[in-house]
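Printed here is my_file-v2.cif (mmCIF, C-alpha atoms):
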```cif
data_final
#
loop_
_atom_site.label_atom_id
_atom_site.label_comp_id
_atom_site.auth_asym_id
_atom_site.auth_seq_id
_atom_site.Cartn_x
_atom_site.Cartn_y
_atom_site.Cartn_z
CA MET A 137 75.14 134.91 172.91
CA THR A 138 73.87 138.45 172.51
CA PRO A 139 72.45 138.95 169.00
CA LEU A 140 74.07 141.44 166.67
CA ARG A 141 72.26 144.76 166.34
CA ALA A 142 72.47 146.33 162.89
CA LEU A 143 71.07 149.53 161.43
CA LEU A 144 70.33 149.26 157.70
CA TRP A 145 70.40 152.79 156.32
CA MET A 146 69.47 154.14 152.88
CA PRO A 147 69.48 157.94 153.05
CA ARG A 148 68.69 158.56 149.37
CA ALA A 149 66.55 157.14 146.54
CA SER A 150 64.51 154.85 148.76
CA GLU A 151 61.33 156.25 147.19
CA ILE A 152 62.45 155.22 143.68
CA PRO A 153 61.28 151.65 142.98
CA GLY A 154 63.85 149.17 141.78
CA GLY A 155 66.32 146.45 142.65
CA HIS A 156 68.18 148.58 145.20
CA ARG A 157 65.05 148.82 147.35
CA VAL A 158 64.23 145.12 146.94
CA GLN A 159 67.79 144.26 147.98
CA PHE A 160 67.50 146.50 151.03
CA ASP A 161 64.14 145.11 152.19
CA GLN A 162 64.91 141.46 151.52
CA THR A 163 68.34 141.65 153.15
CA ALA A 164 66.77 143.09 156.29
CA LYS A 165 64.12 140.36 156.33
CA ALA A 166 66.61 137.53 155.78
CA LEU A 167 69.01 138.84 158.46
CA ALA A 168 66.17 139.11 160.97
CA ALA A 169 65.35 135.46 160.25
CA ARG A 170 68.99 134.68 161.14
CA GLY A 171 68.55 136.27 164.55
CA VAL A 172 70.09 139.68 163.85
CA GLU A 173 68.28 142.57 165.54
CA ILE A 174 67.53 144.81 162.55
CA ALA A 175 66.38 148.42 162.38
CA THR A 176 65.93 150.22 159.07
CA SER A 177 66.12 153.92 158.33
CA PHE A 178 65.60 156.20 155.34
CA ASP A 179 66.27 159.35 157.37
CA SER A 180 69.05 161.77 156.55
CA ALA A 181 70.92 161.31 159.84
CA PRO A 182 69.68 158.51 162.12
CA SER A 183 71.58 157.92 165.34
CA PRO A 184 73.89 154.86 165.25
CA GLU A 185 73.95 154.70 169.05
CA GLY A 186 73.10 151.28 170.44
CA PHE A 187 74.00 149.38 167.27
CA ASP A 188 76.95 147.08 166.72
CA LEU A 189 77.28 148.31 163.14
CA VAL A 190 75.67 150.35 160.38
CA HIS A 191 75.03 148.75 156.99
CA GLY A 192 74.67 151.55 154.48
CA PHE A 193 73.34 151.75 150.93
CA GLY A 194 74.62 154.80 149.04
CA LEU A 195 76.43 156.47 151.94
CA THR A 196 78.79 159.40 151.51
CA ALA A 197 82.17 159.63 153.21
CA ARG A 198 80.74 162.24 155.58
CA GLU A 199 77.98 159.84 156.64
CA VAL A 200 80.46 157.00 157.15
CA HIS A 201 82.70 159.20 159.29
CA ALA A 202 79.71 160.35 161.36
CA CYS A 203 79.07 156.74 162.36
CA ARG A 204 82.70 155.79 162.92
CA SER A 205 83.28 158.91 165.04
CA ARG A 206 80.87 157.29 167.47
CA ARG A 207 82.85 154.05 167.32
CA VAL A 208 80.21 152.27 165.24
CA PRO A 209 81.73 150.37 162.28
CA VAL A 210 80.23 150.67 158.80
CA ALA A 211 79.57 148.18 155.99
CA ILE A 212 78.61 149.53 152.56
CA SER A 213 76.66 147.72 149.86
CA THR A 214 78.55 149.25 146.98
CA ILE A 215 76.27 148.83 143.91
CA TYR A 216 79.20 150.14 141.86
CA TRP A 217 79.14 150.59 138.07
CA ASN A 218 82.73 150.36 137.00
CA ARG A 219 84.47 152.50 134.40
CA ARG A 220 84.36 149.75 131.84
CA GLY A 221 80.63 149.34 132.21
CA ARG A 222 80.21 153.07 131.70
CA THR A 223 82.49 153.40 128.69
CA SER A 224 82.80 150.19 126.67
CA ALA A 225 80.45 147.99 124.70
CA GLY A 226 80.72 144.84 126.78
CA SER A 227 82.50 142.74 129.39
CA ARG A 228 84.80 141.02 126.90
CA GLU A 229 88.49 141.89 126.60
CA PRO A 230 88.95 145.12 124.62
CA THR A 231 89.75 144.75 120.94
CA ALA A 232 91.87 147.07 118.81
CA ARG A 233 88.62 148.68 117.68
CA ASP A 234 87.64 149.33 121.31
CA ARG A 235 90.99 150.99 122.00
CA VAL A 236 90.70 153.18 118.91
CA ALA A 237 87.15 154.16 119.91
CA LYS A 238 88.38 155.07 123.39
CA VAL A 239 91.09 157.30 121.92
CA VAL A 240 88.57 158.91 119.57
CA ARG A 241 86.18 159.59 122.45
CA ALA A 242 89.00 161.13 124.48
CA ALA A 243 90.02 163.30 121.54
CA ARG A 244 86.45 164.48 121.03
CA MET A 245 86.06 165.37 124.69
CA THR A 246 89.38 167.22 124.69
CA ARG A 247 88.45 169.13 121.55
CA ALA A 248 85.06 169.99 123.02
CA ALA A 249 86.71 171.25 126.19
CA LEU A 250 89.11 173.38 124.17
CA ARG A 251 86.16 174.84 122.31
CA GLU A 252 84.57 175.63 125.68
CA ARG A 253 81.66 173.26 125.21
CA PRO A 254 80.10 173.60 128.66
CA ASP A 255 77.99 170.43 128.38
CA PHE A 256 81.01 168.21 127.80
CA VAL A 257 83.11 170.00 130.38
CA ALA A 258 80.31 169.62 132.93
CA ALA A 259 80.05 165.90 132.14
CA CYS A 260 83.78 165.45 132.69
CA VAL A 261 83.64 167.30 135.99
CA LYS A 262 80.61 165.32 137.13
CA GLU A 263 82.32 162.02 136.32
CA ALA A 264 85.46 163.06 138.22
CA GLN A 265 83.40 164.17 141.22
CA ALA A 266 81.51 160.88 141.29
CA GLU A 267 84.75 158.90 141.25
CA VAL A 268 86.24 160.98 144.07
CA ALA A 269 83.05 160.45 146.10
CA PHE A 270 83.25 156.67 145.60
CA VAL A 271 86.91 156.61 146.67
CA ALA A 272 86.20 158.67 149.79
CA ALA A 273 83.18 156.65 150.94
CA PHE A 274 84.57 153.20 150.15
CA SER A 275 87.92 154.00 151.77
CA ALA A 276 86.24 155.26 154.92
CA ALA A 277 84.12 152.14 155.44
CA ASP A 278 85.21 149.11 157.46
CA VAL A 279 84.04 146.61 154.88
CA LEU A 280 82.50 146.63 151.40
CA LEU A 281 79.71 144.32 150.24
CA PRO A 282 79.77 144.11 146.43
CA ASN A 283 77.29 141.81 144.70
CA ALA A 284 79.83 140.12 142.41
CA ARG A 285 83.51 139.24 142.27
CA GLY A 286 83.85 141.43 139.19
CA GLU A 287 82.39 144.37 141.08
CA ALA A 288 84.88 143.87 143.92
CA GLN A 289 87.76 143.74 141.44
CA ALA A 290 86.53 146.85 139.60
CA ILE A 291 86.60 148.82 142.85
CA VAL A 292 90.26 147.87 143.27
CA ASP A 293 91.18 148.41 139.62
CA ASP A 294 89.27 151.66 139.07
CA LEU A 295 89.58 153.33 142.45
CA ASP A 296 92.55 151.64 144.10
CA VAL A 297 90.44 151.15 147.22
CA GLN A 298 91.84 148.44 149.49
CA THR A 299 89.00 148.18 152.02
CA PRO A 300 88.21 144.51 152.82
CA ALA A 301 85.38 143.17 150.66
CA PHE A 302 82.93 140.32 151.09
CA VAL A 303 80.95 139.34 148.01
CA VAL A 304 77.27 139.24 148.92
CA PRO A 305 75.07 137.86 146.13
CA ASN A 306 71.87 139.41 144.94
CA ALA A 307 69.07 136.95 145.25
CA VAL A 308 65.48 135.80 144.81
CA ASP A 309 62.76 134.42 147.07
CA PRO A 310 61.82 130.92 145.77
CA SER A 311 58.58 130.90 147.75
CA GLU A 312 57.46 133.94 145.77
CA PHE A 313 58.93 133.23 142.35
CA LYS A 314 59.33 129.45 142.01
CA HIS A 315 55.90 129.61 140.52
CA SER A 316 54.06 127.29 138.15
CA ASP A 317 50.51 127.32 136.89
CA GLY A 318 50.77 123.72 135.73
CA GLY A 319 51.24 124.73 132.11
CA ARG A 320 47.75 126.23 131.87
CA THR A 321 49.10 129.53 130.56
CA GLU A 322 50.65 129.53 127.11
CA ARG A 323 53.98 131.34 127.05
CA THR A 324 53.60 133.74 124.13
CA GLN A 325 55.41 136.87 125.29
CA VAL A 326 58.82 138.50 125.42
CA LEU A 327 58.87 140.37 128.74
CA CYS A 328 61.06 143.15 130.10
CA VAL A 329 60.64 144.08 133.77
CA GLY A 330 62.31 147.21 135.14
CA ARG A 331 62.04 150.94 135.69
CA ILE A 332 61.54 152.73 132.39
CA GLU A 333 64.65 154.88 132.04
CA PRO A 334 67.55 155.31 129.59
CA HIS A 335 69.83 153.03 131.62
CA LYS A 336 67.42 150.11 131.21
CA ASN A 337 67.38 150.63 127.43
CA GLN A 338 63.74 149.77 126.76
CA LEU A 339 63.82 152.04 123.71
CA GLY A 340 66.71 150.03 122.30
CA LEU A 341 64.76 146.82 122.90
CA ILE A 342 61.71 148.21 121.12
CA GLU A 343 63.76 149.20 118.10
CA ALA A 344 65.58 145.85 118.06
CA LEU A 345 62.32 143.85 118.02
CA ARG A 346 60.35 146.10 115.68
CA GLY A 347 58.84 143.97 112.93
CA SER A 348 59.88 140.72 114.63
CA GLY A 349 56.36 139.50 115.33
CA TYR A 350 57.08 139.03 119.03
CA ASP A 351 54.46 140.03 121.58
CA LEU A 352 56.64 142.42 123.58
CA VAL A 353 55.46 143.37 127.07
CA ILE A 354 57.19 146.01 129.21
CA ALA A 355 56.39 146.13 132.93
CA GLY A 356 57.61 148.81 135.29
CA PRO A 357 57.09 152.38 136.43
CA ALA A 358 58.58 155.40 134.73
CA HIS A 359 61.63 156.66 136.54
CA PRO A 360 60.52 159.96 138.09
CA HIS A 361 63.58 161.71 136.65
CA HIS A 362 63.03 160.34 133.12
CA LEU A 363 59.36 160.82 132.31
CA ASP A 364 60.16 162.00 128.78
CA TYR A 365 61.95 158.74 128.10
CA GLU A 366 58.84 156.75 128.96
CA LYS A 367 56.88 158.88 126.47
CA GLN A 368 59.45 158.10 123.79
CA CYS A 369 59.14 154.39 124.51
CA ARG A 370 55.35 154.47 124.36
CA GLN A 371 55.45 156.39 121.10
CA ALA A 372 57.98 153.99 119.58
CA GLY A 373 55.95 150.96 120.66
CA ALA A 374 52.50 152.35 119.88
CA GLY A 375 50.23 149.70 118.43
CA TRP A 376 52.36 146.64 119.13
CA VAL A 377 54.09 146.90 122.54
CA THR A 378 52.08 146.35 125.73
CA PHE A 379 53.00 148.64 128.63
CA LEU A 380 51.76 147.31 131.96
CA GLY A 381 52.97 150.25 134.02
CA PRO A 382 53.93 149.68 137.68
CA VAL A 383 53.39 146.10 138.86
CA PRO A 384 53.64 145.30 142.59
CA HIS A 385 56.61 143.07 143.27
CA GLU A 386 54.44 140.32 144.71
CA GLN A 387 52.41 140.20 141.47
CA LEU A 388 55.31 139.85 139.04
CA ALA A 389 55.25 136.04 139.03
CA ARG A 390 51.89 135.95 137.25
CA HIS A 391 53.46 137.94 134.40
CA PHE A 392 56.65 135.91 134.27
CA VAL A 393 54.69 132.69 133.65
CA ARG A 394 53.15 134.22 130.50
CA ALA A 395 56.59 134.93 129.02
CA ARG A 396 58.85 132.54 127.16
CA VAL A 397 61.76 135.01 127.26
CA HIS A 398 62.70 137.71 129.75
CA VAL A 399 65.16 140.30 128.48
CA LEU A 400 67.24 143.01 130.18
CA PRO A 401 69.27 144.80 127.47
CA THR A 402 70.54 147.38 129.95
CA TRP A 403 73.70 149.45 129.72
CA PHE A 404 75.02 147.82 132.88
CA GLU A 405 73.81 145.19 135.34
CA THR A 406 75.51 143.66 138.33
CA THR A 407 72.85 140.97 138.17
CA GLY A 408 69.36 142.08 137.34
CA LEU A 409 67.02 140.86 140.07
CA ALA A 410 64.22 140.52 137.52
CA SER A 411 66.36 138.05 135.57
CA LEU A 412 66.78 135.85 138.66
CA GLU A 413 63.06 136.01 139.36
CA ALA A 414 62.11 135.30 135.75
CA ALA A 415 64.45 132.31 135.57
CA LEU A 416 62.78 130.70 138.59
CA CYS A 417 59.43 131.26 136.90
CA GLY A 418 60.52 129.29 133.85
CA CYS A 419 61.63 132.02 131.42
CA ALA A 420 64.60 131.83 129.10
CA ILE A 421 66.95 134.70 130.00
CA VAL A 422 68.53 137.42 127.88
CA SER A 423 70.86 139.76 129.74
CA THR A 424 73.25 142.56 128.90
CA SER A 425 76.89 141.69 128.35
CA ASN A 426 77.82 144.87 130.25
CA GLY A 427 78.46 144.09 133.89
CA HIS A 428 78.60 140.94 135.96
CA ALA A 429 75.45 138.99 135.06
CA GLY A 430 77.64 136.27 133.58
CA GLU A 431 78.84 135.41 137.10
CA TYR A 432 75.27 134.55 138.00
CA PHE A 433 73.93 132.98 134.81
CA ALA A 434 77.09 131.47 133.29
CA ASP A 435 76.34 129.73 129.98
CA PHE A 436 72.68 129.23 130.85
CA ALA A 437 71.56 132.63 129.52
CA HIS A 438 71.88 134.58 126.28
CA TYR A 439 73.79 137.88 126.23
CA CYS A 440 73.48 141.02 124.11
CA ASP A 441 75.35 144.25 123.50
CA PRO A 442 72.97 147.08 124.47
CA ALA A 443 74.59 149.32 121.87
CA ASP A 444 73.86 146.87 119.02
CA PRO A 445 70.19 146.19 118.18
CA ALA A 446 71.19 143.22 116.05
CA THR A 447 72.71 141.41 119.02
CA ILE A 448 69.58 142.11 121.10
CA ARG A 449 67.41 140.57 118.36
CA ASP A 450 69.79 137.61 117.93
CA ALA A 451 69.83 136.93 121.68
CA VAL A 452 66.03 137.05 121.91
CA ASP A 453 65.73 134.76 118.88
CA GLY A 454 68.20 132.30 120.38
CA ALA A 455 66.49 132.32 123.78
CA TRP A 456 63.07 131.84 122.17
CA ARG A 457 64.28 128.82 120.21
CA ALA A 458 66.20 127.27 123.10
CA GLY A 459 63.66 127.88 125.86
CA PRO A 460 64.47 127.86 129.60
CA ARG A 461 67.46 126.03 131.04
CA PRO A 462 66.68 123.79 134.06
CA GLU A 463 70.36 124.05 135.03
CA LEU A 464 69.91 127.77 135.63
CA GLU A 465 67.07 127.17 138.07
CA GLU A 466 69.24 124.67 139.95
CA ARG A 467 72.14 127.13 140.00
CA ILE A 468 69.96 129.90 141.42
CA LEU A 469 68.46 127.74 144.15
CA ALA A 470 71.93 126.52 145.15
CA ASN A 471 73.59 129.95 145.26
CA TYR A 472 71.26 132.94 144.97
CA THR A 473 68.45 132.95 147.51
CA TRP A 474 68.09 135.59 150.20
CA GLU A 475 69.27 133.00 152.72
CA HIS A 476 72.60 132.94 150.85
CA THR A 477 72.63 136.74 150.96
CA ALA A 478 72.02 136.74 154.72
CA ASP A 479 74.77 134.20 155.39
CA ALA A 480 77.36 136.18 153.39
CA THR A 481 76.28 139.46 154.98
CA LEU A 482 76.42 138.00 158.47
CA GLU A 483 79.98 136.78 157.83
CA ALA A 484 80.99 140.35 156.97
CA TYR A 485 79.19 141.71 160.04
CA ARG A 486 81.07 139.34 162.34
CA PHE A 487 84.34 140.31 160.68
CA ILE A 488 83.99 144.04 161.33
CA VAL A 489 82.57 143.62 164.84
CA ALA A 490 85.51 141.36 165.73
CA ARG A 491 87.93 144.03 164.45
#
```
As structure tokens, how would this structure be written, given the file I've shared?
Amino acid sequence: MTPLRALLWMPRASEIPGGHRVQFDQTAKALAARGVEIATSFDSAPSPEGFDLVHGFGLTAREVHACRSRRVPVAISTIYWNRRGRTSAGSREPTARDRVAKVVRAARMTRAALRERPDFVAACVKEAQAEVAFVAAFSAADVLLPNARGEAQAIVDDLDVQTPAFVVPNAVDPSEFKHSDGGRTERTQVLCVGRIEPHKNQLGLIEALRGSGYDLVIAGPAHPHHLDYEKQCRQAGAGWVTFLGPVPHEQLARHFVRARVHVLPTWFETTGLASLEAALCGCAIVSTSNGHAGEYFADFAHYCDPADPATIRDAVDGAWRAGPRPELEERILANYTWEHTADATLEAYRFIVAR
């Protein structure tokens, strides 16, 4: 049987370190191990000729149509932050207070628009443009590859896009992160791994743990578009927070094994690759309640509201007391390795090629 030939294409943001790039690289590697002929591109307009399909990350509708006009089908890894993740305090069902807050926010934005507040008007326009762009690109594709069932449902609920979807899990490499030093290193740290940017909420974590006595360590590069935010974090944590700066992905395990708790108090996460990696390295996990991390970690992690410092502190305290959950490691190995990612992706590939 002739092997499938797939072009993995990320035309934007490939130079910014983070989970999106890890997902891209590891998916390509795992698919190649499954016998798929893989080419990767970060160019603005690579030729799809000679490929059975294009698998895009962050494609526009125009880019999708350019491929399909040449009779090459397109799969999109969506990496979609739904409306609820952008506007509410968590993934729970909305309370009366949430509904009131939503009405108040809407009233404020309307009043600002009526007063010709250009910053608010521009934000509204930008949000509307982003949603239209999502609808156009996702509707044009042959298949969507969300990383969680909740993400797939949000695309239907928010955008009314009916493109077929195959849930493809985010994952971890056990050979790299199922790491033990035999207990030689004492776990004395609370660790946060991720780009330093407002979305990741390191500043909120610093404020939540101020005066707690924890040895807080933050590892990750400054987002190139948010250098001022990194300065704010360093100023807020001066004298008691350790900033490691950029850490090569292959060296993260040595830092995970020094931490008792790994925390991602972000404003939204589909998963949080660092949480998967930290869990395999024996950390207790704290994750945001905004997004779909609960699909991955179930009851084996602690969750916090990124808007509420008290819940961040409570979640870290609870995780520190409870320690790691062996059941979470078993769950990850059974469901969330890059081999699982490759199998789910390959199923979607075969579906669109058969169509």
Shell around stretch 166-175 of chain A at 12 Å using all atoms listed in the file, local window under 4 positions removed, as a ChimeraX atom specification: /A:137-146,158-162,182-192,307-309,473-483,485-486
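Nearest to A:Arg346 of all the residues A:Arg323, A:His359, A:Arg449, A:His428 is A:Arg449, based on all atoms listed in the file.
With distances taken over all atoms listed in the file, A:Val399 is the one residue among A:Cys369, A:Leu469, A:Val399, A:Ala389 lying closest to A:Ala451.
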Coordinates-based distance that separates atom CA of A:Leu295 from atom CA of A:Ala490 (Å, one decimal): 26.5 Å
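Each of A:Ser425, A:Ser150, A:Tyr216, A:Gln338 was compared to A:Val292 using only C-alpha atoms, and A:Tyr216 turns out to be the nearest.
Restricting the calculation to all atoms listed in the file, the smallest distance between A:Val210 and any of A:Ala446, A:Ala277, A:Ala164, A:Ala149 is found for A:Ala277.
Coordinates place atom CA of A:Phe404 at a distance of 22.5 Å from atom CA of A:Ala372.
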Atom pair atom CA of A:Glu431 / atom CA of A:Val383: separation (Å): 27.7 Å
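Near stretch 288-291 of chain A, within 8 Å and counting all atoms listed in the file, sit Tyr216, Asn218, Arg219, Pro282, Asn283, Ala284, Arg285, Gly286, Asp293, Asp294, Leu295, Asp296, Val297, Ala301 and Val303 of chain A; same-chain residues fewer than 2 positions away were not included.
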Residue with smallest distance to A:Arg396 - pool A:Glu199, A:Asp351, A:Glu465, A:Glu287, counting only C-alpha atoms: A:Asp351
Best match for closeness to A:Ile468 among A:Gly373, A:Pro153, A:Pro310, A:Pro442, counting all atoms listed in the file: A:Pro310
Surrounding residues of A:Leu345 excluding itself and chain neighbours under 3 positions, 12 Å, all atoms listed in the file, as a PyMOL selection string: chain A and resi 326-327+338-342+348-353+372-373+376-377+399+401+444-453
Applying the PyMOL selection byres ((chain A and resi 411-414) around 10) to the file I just gave you, which residues come out? Please list them as an mmCIF file with C-alpha atoms, in the coordinates of the input.
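Saved as part.cif:
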```cif
data_model
loop_
_atom_site.group_PDB
_atom_site.id
_atom_site.type_symbol
_atom_site.label_atom_id
_atom_site.label_comp_id
_atom_site.auth_asym_id
_atom_site.auth_seq_id
_atom_site.Cartn_x
_atom_site.Cartn_y
_atom_site.Cartn_z
ATOM 1 C CA ASN A 306 71.870 139.410 144.940
ATOM 2 C CA ALA A 307 69.070 136.950 145.250
ATOM 3 C CA VAL A 308 65.480 135.800 144.810
ATOM 4 C CA ASP A 309 62.760 134.420 147.070
ATOM 5 C CA PRO A 310 61.820 130.920 145.770
ATOM 6 C CA GLU A 312 57.460 133.940 145.770
ATOM 7 C CA PHE A 313 58.930 133.230 142.350
ATOM 8 C CA LYS A 314 59.330 129.450 142.010
ATOM 9 C CA HIS A 315 55.900 129.610 140.520
ATOM 10 C CA LEU A 327 58.870 140.370 128.740
ATOM 11 C CA CYS A 328 61.060 143.150 130.100
ATOM 12 C CA VAL A 329 60.640 144.080 133.770
ATOM 13 C CA LEU A 388 55.310 139.850 139.040
ATOM 14 C CA ALA A 389 55.250 136.040 139.030
ATOM 15 C CA HIS A 391 53.460 137.940 134.400
ATOM 16 C CA PHE A 392 56.650 135.910 134.270
ATOM 17 C CA VAL A 393 54.690 132.690 133.650
ATOM 18 C CA ALA A 395 56.590 134.930 129.020
ATOM 19 C CA ARG A 396 58.850 132.540 127.160
ATOM 20 C CA VAL A 397 61.760 135.010 127.260
ATOM 21 C CA HIS A 398 62.700 137.710 129.750
ATOM 22 C CA VAL A 399 65.160 140.300 128.480
ATOM 23 C CA LEU A 400 67.240 143.010 130.180
ATOM 24 C CA THR A 407 72.850 140.970 138.170
ATOM 25 C CA GLY A 408 69.360 142.080 137.340
ATOM 26 C CA LEU A 409 67.020 140.860 140.070
ATOM 27 C CA ALA A 410 64.220 140.520 137.520
ATOM 28 C CA ALA A 415 64.450 132.310 135.570
ATOM 29 C CA LEU A 416 62.780 130.700 138.590
ATOM 30 C CA CYS A 417 59.430 131.260 136.900
ATOM 31 C CA GLY A 418 60.520 129.290 133.850
ATOM 32 C CA CYS A 419 61.630 132.020 131.420
ATOM 33 C CA ALA A 420 64.600 131.830 129.100
ATOM 34 C CA ILE A 421 66.950 134.700 130.000
ATOM 35 C CA VAL A 422 68.530 137.420 127.880
ATOM 36 C CA SER A 423 70.860 139.760 129.740
ATOM 37 C CA ALA A 429 75.450 138.990 135.060
ATOM 38 C CA TYR A 432 75.270 134.550 138.000
ATOM 39 C CA PHE A 433 73.930 132.980 134.810
ATOM 40 C CA ALA A 437 71.560 132.630 129.520
ATOM 41 C CA PRO A 460 64.470 127.860 129.600
ATOM 42 C CA LEU A 464 69.910 127.770 135.630
ATOM 43 C CA GLU A 465 67.070 127.170 138.070
ATOM 44 C CA ILE A 468 69.960 129.900 141.420
ATOM 45 C CA LEU A 469 68.460 127.740 144.150
ATOM 46 C CA TYR A 472 71.260 132.940 144.970
ATOM 47 C CA THR A 473 68.450 132.950 147.510
#
```
Distance query A:Ala358 at most 6 Å, all atoms listed in the file, self and fewer than 6 positions along chain excluded, as an MDAnalysis selection string: chainID A and resid 331:332 366
